[in-house]
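Input: a single structure, listed below in structure tokens.
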Amino acid sequence: MGSKDEYLRKPSQSQSPMRLKLKILLLLLSTNLLSIYIFYGSADHHRWLPSSVHHWDFAGLLRELNGTQSKLSASQAQVVLLNQRLASTKSLLERLLADVGQAHRDEAPEHGLEGWAHQLGGELKLAVGPHKLPLGYTPNLGSHEMYPTLGTACRRFQEELVQFMSYDVGGECPSDEVFAQRLMLKGCEPLPRRRCHPKSPAGYVEPTPFPESLWSIPSDTSIAWDAYTCKNYTCLVDRSKQKGSYDCKDCFNLGGREKNRWLYSDGELNYGIDEVLSIKRGTIRIGLDIGGGTGSFAARMRERNVTIVTSTMNFNGPFNNFIASRGLVPLHISVAHRLPFYDSTLDIVHSMHVLSNWIPDVMLEFALFDIYRVLRPGGLFWLDHFFCHGTQLNSTYVPMFQRIGFRRLRWHAGRKLDRGFEKDEWYLSAVLGKPLT
């Protein structure tokens with residue numbers, strides 16, 4: 001990533017080749033006009049036909065015809081010379097424009113992945129590729145090369161990316177979990193692969209057997225704590241009693257609110273799992289929980305023989321490790337990431353609090369269409385406590401859901417009153433269905 005001054009200089013750099021092109025075009029135009037002027041200007045000084053021809057002066061007529069023929073031959077020679085000059089000028093212009101285009105690409109590598117990758121070195125260059133396939137062209141890829149996956153926004157943060165890819169090959173990876181996650185949240189997702197080993201926790205112990213693991217706090221020696229403020233699970237559990245703002249503050253306390261979440265329906269914003277599963281009795285088998293904290297939703301569904309993948313980020317806590325310790329499947333991707341599932345494959349998608357008005361409207365609509373994409377026909381989208389302001393609900397979000405095409409199966413909106421009635425803050429809980437056709 002360049003400095004701010006470098007970014008400010010880029011427009012002037014990109015204009016330089018354009019000015020050069022204009023100068024070349026003006027030069028070509030001037031040359032052609034001059035050649036035409038010389039040709040036609042010289043022709044105006046010749047009298048191709050005699051001004052007065054006496055019909056009885058045949059000898060004189062013959063002399064003037066011979067002279068006109070000589071002048072015409074000379075004019076034809078000038079035309080040939082002019083055509084040669086034009087062809088030479090055209091060839092020169094094409095070469096100059098090609099050189100200018102190449103110079104422009106070299107000056108602005110961010111306009112092309114190949115130009116950007118050409119300037120990289122070391123591990124980052126190897127990670128970005130491309131790499132030739134050992135067996136040559138394959139129709140499956142439509143290419144003889146393979147490009148490793150890399151988030152497009154990574155090119156905007158080249159300095160950070162170089163730092164991420166700086167390590168001893170075959171050695172221990174830097175302890176840079178927070179740094180790497182911030183890169184992901186900037187849009188550099190997925191990150192490139194690395195050839196190093198993540199730090200192993202000292203005194204690692206095997207996880208608790210399933211199903212006891214679903215509601216057990218794992219051993220402190222199951223992870224490396226370098227990236228987090230807390231250095232043990234007791235500290236994380238006690239966060240629920242402390243002042244301050246933390247992401248999913250009480251999620252690690254499995255004996256607190258987590259123990260009773262989604263067990264009961266109150267007829268309003270809180271839906272029970274059994275109530276939702278009864279909508280599609282026996283046909284909800286696999287699904288996704290977006291931003292699922294420590295995986296308690298997946299744990300409850302697992303007790304009902306439903307397999308749920310939980311996407312989550314490690315915001316000052318080992319959320320992914322904790323989910324895995326419970327015998328569940330974590331997925332470390334941001335809410336901006338395209339869901340890594342094929343079209344029409346999941347029975348249910350759930351999200352609580354994460355999909356809300358903090359996401360830009362356009363990005364939220366893309367995310368909702370992506371949820372629609374991965375749900376099978378008849379699949380369920382459980383939107384759990386979607387937060388917004390009252391003025392936004394009917395003007396922005398209700399029309400958005402209608403554009404996407406979900407059917408309302410359950411729908412409840414209610415005031416969020418913990419910060420006062422005058423705040424006009426609302427929650428929306430809904431179960432939406434993807435149409436069968």
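Residues in the structure tokens are named by chain (A, B, ... in the order shown) and by number from 1 within that chain; ligands are numbered from 1 in the order shown.
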
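Proximity to region 423-429 of chain A at 7 Å, evaluated using only C-alpha atoms and with sequence-adjacent residues fewer than 2 positions away removed, yields Leu269, Leu383, Asp384, His385, Phe386, Phe387, Cys388, His389, Gly390, Trp411, His412, Ala413, Gly414, Arg415, Lys416, Arg419, Gly420 and Phe421 of chain A.
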
Could you list, with a cut-off of 8 Å and counting only C-alpha atoms, the residues of region 316-345 of chain A near region 355-372 of chain A, each shown with its nearest atom pair and the distance in Å rounded to one decimal, rows sorted by chain and ascending number, as a tab-separated table?
residue	atom	partner	partner_atom	distance
A:Val335	CA	A:Ala367	CA	7.8
A:Ala336	CA	A:Ala367	CA	7.3
A:Arg338	CA	A:Asp370	CA	7.0
A:Leu339	CA	A:Asp370	CA	6.8

Item to check | Test item: residues at most 7 Å from Pro190 (chain A), only C-alpha atoms, excluding those fewer than 5 positions along its chain, as a PyMOL selection string | outcome: chain A and resi 149-151+184

Checklist outcome for this item: Using only C-alpha atoms, the shortest atom-to-atom distance to Pro435 (chain A) among A:Ser344, A:Asn253, A:Thr396, A:Thr208 belongs to A:Ser344

Next on the checklist: To one decimal place in Å, what is the distance between CA of Thr234 (chain A) and CA of Gly256 (chain A)?
Outcome noted: 13.6 Å

Next on the checklist: So that I can check the secondary structure, give me every residue of region 253-357 of chain A assigned strand (DSSP E or B) by backbone DSSP, as a list of chain:residue names.
Outcome noted: A:Ile286, A:Gly287, A:Leu288, A:Asp289, A:Ile290, A:Thr307, A:Ile308, A:Val309, A:Thr310, A:Ser311, A:Val329, A:Pro330, A:Leu331, A:Leu346, A:Asp347, A:Ile348, A:Val349, A:His350, A:Ser351, A:Met352

Taking a cut-off of 12 Å and counting only C-alpha atoms, can you build a table that, for each residue of region 141-209 of chain A near region 306-327 of chain A, reports the nearest atom pair and how far apart they are in Å (one decimal), sorted by chain then residue number, as a tab-separated table?
residue	atom	partner	partner_atom	distance
A:Glu177	CA	A:Asn314	CA	8.7
A:Val178	CA	A:Asn316	CA	8.2
A:Phe179	CA	A:Asn314	CA	11.5
A:Ala180	CA	A:Asn314	CA	10.8
A:Gln181	CA	A:Asn314	CA	7.9
A:Arg182	CA	A:Phe315	CA	10.0
A:Met184	CA	A:Met313	CA	10.0
A:Leu185	CA	A:Met313	CA	9.6
A:Val205	CA	A:Ser325	CA	11.1
A:Glu206	CA	A:Ser325	CA	9.4
A:Pro207	CA	A:Ser325	CA	6.1
A:Thr208	CA	A:Ser325	CA	7.5
A:Pro209	CA	A:Gly327	CA	8.2

Those residues with all heavy atoms, as a tab-separated table (two decimals), in the first residue's frame please?
chain	number	residue	atom	x	y	z
A	177	GLU	N	-2.37	-13.05	14.21
A	177	GLU	CA	-3.78	-13.35	13.96
A	177	GLU	C	-4.63	-12.09	13.84
A	177	GLU	O	-5.51	-12.00	12.98
A	177	GLU	CB	-4.34	-14.24	15.08
A	177	GLU	CG	-3.76	-15.65	15.12
A	177	GLU	CD	-2.50	-15.73	15.98
A	177	GLU	OE1	-1.90	-14.66	16.25
A	177	GLU	OE2	-2.13	-16.85	16.38
A	178	VAL	N	-4.39	-11.11	14.71
A	178	VAL	CA	-5.17	-9.87	14.69
A	178	VAL	C	-4.89	-9.10	13.40
A	178	VAL	O	-5.80	-8.61	12.73
A	178	VAL	CB	-4.86	-9.01	15.92
A	178	VAL	CG1	-5.58	-7.67	15.84
A	178	VAL	CG2	-5.26	-9.75	17.19
A	179	PHE	N	-3.62	-9.00	13.04
A	179	PHE	CA	-3.21	-8.31	11.81
A	179	PHE	C	-3.84	-8.97	10.59
A	179	PHE	O	-4.37	-8.30	9.70
A	179	PHE	CB	-1.68	-8.34	11.71
A	179	PHE	CG	-1.12	-7.77	10.45
A	179	PHE	CD1	-1.02	-6.40	10.27
A	179	PHE	CD2	-0.71	-8.61	9.43
A	179	PHE	CE1	-0.51	-5.88	9.09
A	179	PHE	CE2	-0.20	-8.09	8.25
A	179	PHE	CZ	-0.10	-6.72	8.09
A	180	ALA	N	-3.81	-10.30	10.53
A	180	ALA	CA	-4.37	-11.02	9.39
A	180	ALA	C	-5.88	-10.83	9.31
A	180	ALA	O	-6.44	-10.65	8.22
A	180	ALA	CB	-4.02	-12.51	9.51
A	181	GLN	N	-6.56	-10.84	10.44
A	181	GLN	CA	-8.01	-10.69	10.43
A	181	GLN	C	-8.41	-9.29	9.98
A	181	GLN	O	-9.41	-9.11	9.28
A	181	GLN	CB	-8.59	-10.99	11.81
A	181	GLN	CG	-10.11	-10.94	11.86
A	181	GLN	CD	-10.67	-11.54	13.13
A	181	GLN	OE1	-10.95	-12.72	13.21
A	181	GLN	NE2	-10.85	-10.70	14.14
A	182	ARG	N	-7.63	-8.28	10.36
A	182	ARG	CA	-7.92	-6.93	9.90
A	182	ARG	C	-7.77	-6.82	8.39
A	182	ARG	O	-8.53	-6.10	7.73
A	182	ARG	CB	-7.00	-5.93	10.60
A	182	ARG	CG	-7.40	-5.65	12.04
A	182	ARG	CD	-6.43	-4.73	12.73
A	182	ARG	NE	-6.82	-4.48	14.12
A	182	ARG	CZ	-6.03	-3.93	15.02
A	182	ARG	NH1	-4.78	-3.58	14.68
A	182	ARG	NH2	-6.45	-3.73	16.25
A	184	MET	N	-8.38	-9.24	6.32
A	184	MET	CA	-9.59	-9.87	5.82
A	184	MET	C	-10.77	-8.91	5.84
A	184	MET	O	-11.53	-8.80	4.88
A	184	MET	CB	-9.92	-11.11	6.64
A	184	MET	CG	-8.96	-12.27	6.50
A	184	MET	SD	-9.31	-13.61	7.67
A	184	MET	CE	-11.00	-14.02	7.24
A	185	LEU	N	-10.92	-8.18	6.95
A	185	LEU	CA	-12.05	-7.28	7.10
A	185	LEU	C	-11.95	-6.07	6.18
A	185	LEU	O	-12.95	-5.40	5.93
A	185	LEU	CB	-12.15	-6.82	8.56
A	185	LEU	CG	-12.52	-7.94	9.55
A	185	LEU	CD1	-12.38	-7.45	10.97
A	185	LEU	CD2	-13.92	-8.45	9.29
A	205	VAL	N	-4.04	-30.68	25.33
A	205	VAL	CA	-4.77	-31.87	25.77
A	205	VAL	C	-5.90	-32.15	24.80
A	205	VAL	O	-6.41	-31.25	24.12
A	205	VAL	CB	-5.35	-31.68	27.19
A	205	VAL	CG1	-4.24	-31.50	28.20
A	205	VAL	CG2	-6.31	-30.49	27.24
A	206	GLU	N	-6.29	-33.42	24.70
A	206	GLU	CA	-7.35	-33.82	23.78
A	206	GLU	C	-8.69	-33.21	24.19
A	206	GLU	O	-8.95	-32.96	25.37
A	206	GLU	CB	-7.47	-35.35	23.78
A	206	GLU	CG	-6.26	-36.06	23.19
A	206	GLU	CD	-6.16	-35.84	21.69
A	206	GLU	OE1	-7.22	-35.72	21.03
A	206	GLU	OE2	-5.02	-35.78	21.19
A	207	PRO	N	-9.59	-32.93	23.20
A	207	PRO	CA	-10.89	-32.33	23.53
A	207	PRO	C	-11.79	-33.30	24.27
A	207	PRO	O	-11.59	-34.52	24.26
A	207	PRO	CB	-11.46	-31.97	22.16
A	207	PRO	CG	-10.78	-32.90	21.20
A	207	PRO	CD	-9.40	-33.11	21.75
A	208	THR	N	-12.83	-32.75	24.87
A	208	THR	CA	-13.83	-33.54	25.57
A	208	THR	C	-14.62	-34.37	24.54
A	208	THR	O	-14.97	-33.86	23.47
A	208	THR	CB	-14.79	-32.62	26.33
A	208	THR	OG1	-14.04	-31.81	27.22
A	208	THR	CG2	-15.83	-33.43	27.11
A	209	PRO	N	-14.90	-35.64	24.83
A	209	PRO	CA	-15.66	-36.47	23.88
A	209	PRO	C	-17.06	-35.91	23.65
A	209	PRO	O	-17.64	-35.25	24.50
A	209	PRO	CB	-15.72	-37.84	24.58
A	209	PRO	CG	-14.58	-37.83	25.54
A	209	PRO	CD	-14.45	-36.42	26.00

Item to check | helix (DSSP H, G or I) per DSSP on the backbone: members of region 157-193 of chain A, as a ChimeraX atom specification | outcome: /A:157-164,177-185

Item to check | Non-local contacts of Leu135 (chain A) (10 Å; only C-alpha atoms; under 3 positions in same chain excluded) as a list in words | outcome: Lys132, Thr138 and His144 of chain A

Output all heavy atoms for every residue in that selection, as a PDB file, in the first residue's frame.
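part-v4.pdb written:
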ATOM      1  N   LYS A 132       2.190 -22.640 -13.993  1.00  0.00           N
ATOM      2  CA  LYS A 132       1.852 -23.485 -15.142  1.00  0.00           C
ATOM      3  C   LYS A 132       1.473 -24.890 -14.667  1.00  0.00           C
ATOM      4  O   LYS A 132       2.124 -25.448 -13.778  1.00  0.00           O
ATOM      5  CB  LYS A 132       3.022 -23.548 -16.122  1.00  0.00           C
ATOM      6  CG  LYS A 132       3.294 -22.222 -16.828  1.00  0.00           C
ATOM      7  CD  LYS A 132       4.271 -22.396 -17.958  1.00  0.00           C
ATOM      8  CE  LYS A 132       4.508 -21.069 -18.682  1.00  0.00           C
ATOM      9  NZ  LYS A 132       3.261 -20.545 -19.281  1.00  0.00           N
ATOM     10  N   THR A 138      -5.923 -27.632 -19.508  1.00  0.00           N
ATOM     11  CA  THR A 138      -7.029 -28.488 -19.111  1.00  0.00           C
ATOM     12  C   THR A 138      -8.336 -27.780 -19.394  1.00  0.00           C
ATOM     13  O   THR A 138      -8.489 -26.588 -19.068  1.00  0.00           O
ATOM     14  CB  THR A 138      -6.955 -28.856 -17.614  1.00  0.00           C
ATOM     15  OG1 THR A 138      -8.165 -29.531 -17.227  1.00  0.00           O
ATOM     16  CG2 THR A 138      -6.783 -27.625 -16.743  1.00  0.00           C
ATOM     17  N   HIS A 144      -3.872 -23.099 -19.257  1.00  0.00           N
ATOM     18  CA  HIS A 144      -2.695 -23.926 -18.966  1.00  0.00           C
ATOM     19  C   HIS A 144      -2.011 -23.450 -17.690  1.00  0.00           C
ATOM     20  O   HIS A 144      -0.932 -23.913 -17.353  1.00  0.00           O
ATOM     21  CB  HIS A 144      -1.711 -23.868 -20.138  1.00  0.00           C
ATOM     22  CG  HIS A 144      -1.128 -22.503 -20.371  1.00  0.00           C
ATOM     23  ND1 HIS A 144      -1.819 -21.512 -21.026  1.00  0.00           N
ATOM     24  CD2 HIS A 144       0.053 -21.965 -20.006  1.00  0.00           C
ATOM     25  CE1 HIS A 144      -1.072 -20.420 -21.075  1.00  0.00           C
ATOM     26  NE2 HIS A 144       0.067 -20.661 -20.458  1.00  0.00           N
TER      27      HIS A 144
END

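If you count only C-alpha atoms and ignore residues fewer than 3 places along the chain from Arg285 (chain A), what sits within 10 Å of it is Leu277, Gly282, Met301, Arg302, Arg304, Asn305, Val306, Thr307, Ile308, Leu346, Asp347 and Ile348 of chain A.
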
Could you take the residues named above and write them with N, CA and C atoms, as a tab-separated table (two decimals), in the first residue's frame?
chain	number	residue	atom	x	y	z
A	277	LEU	N	-38.45	-25.65	13.35
A	277	LEU	CA	-38.27	-26.93	12.66
A	277	LEU	C	-39.60	-27.56	12.28
A	282	GLY	N	-38.87	-32.69	9.65
A	282	GLY	CA	-38.07	-33.80	9.16
A	282	GLY	C	-37.21	-33.51	7.95
A	301	MET	N	-29.07	-27.26	17.52
A	301	MET	CA	-29.52	-27.96	16.32
A	301	MET	C	-28.88	-29.35	16.24
A	302	ARG	N	-27.62	-29.45	16.69
A	302	ARG	CA	-26.95	-30.77	16.67
A	302	ARG	C	-27.68	-31.75	17.57
A	304	ARG	N	-30.65	-32.01	17.77
A	304	ARG	CA	-31.83	-32.41	17.00
A	304	ARG	C	-31.42	-33.03	15.66
A	305	ASN	N	-30.19	-33.48	15.58
A	305	ASN	CA	-29.65	-34.16	14.40
A	305	ASN	C	-29.62	-33.27	13.15
A	306	VAL	N	-29.44	-31.98	13.37
A	306	VAL	CA	-29.28	-31.03	12.27
A	306	VAL	C	-27.84	-30.50	12.33
A	307	THR	N	-27.13	-30.57	11.21
A	307	THR	CA	-25.74	-30.13	11.16
A	307	THR	C	-25.69	-28.68	10.68
A	308	ILE	N	-25.09	-27.82	11.52
A	308	ILE	CA	-25.00	-26.40	11.22
A	308	ILE	C	-23.52	-25.98	11.20
A	346	LEU	N	-28.55	-25.72	0.93
A	346	LEU	CA	-28.79	-25.70	2.37
A	346	LEU	C	-30.29	-25.69	2.68
A	347	ASP	N	-30.62	-26.33	3.80
A	347	ASP	CA	-32.02	-26.37	4.24
A	347	ASP	C	-32.41	-25.14	5.04
A	348	ILE	N	-31.43	-24.57	5.78
A	348	ILE	CA	-31.74	-23.43	6.65
A	348	ILE	C	-30.51	-22.54	6.79

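Computed from the coordinates, the CA of Ile217 (chain A) to CA of Leu254 (chain A) distance equals 7.7 Å.
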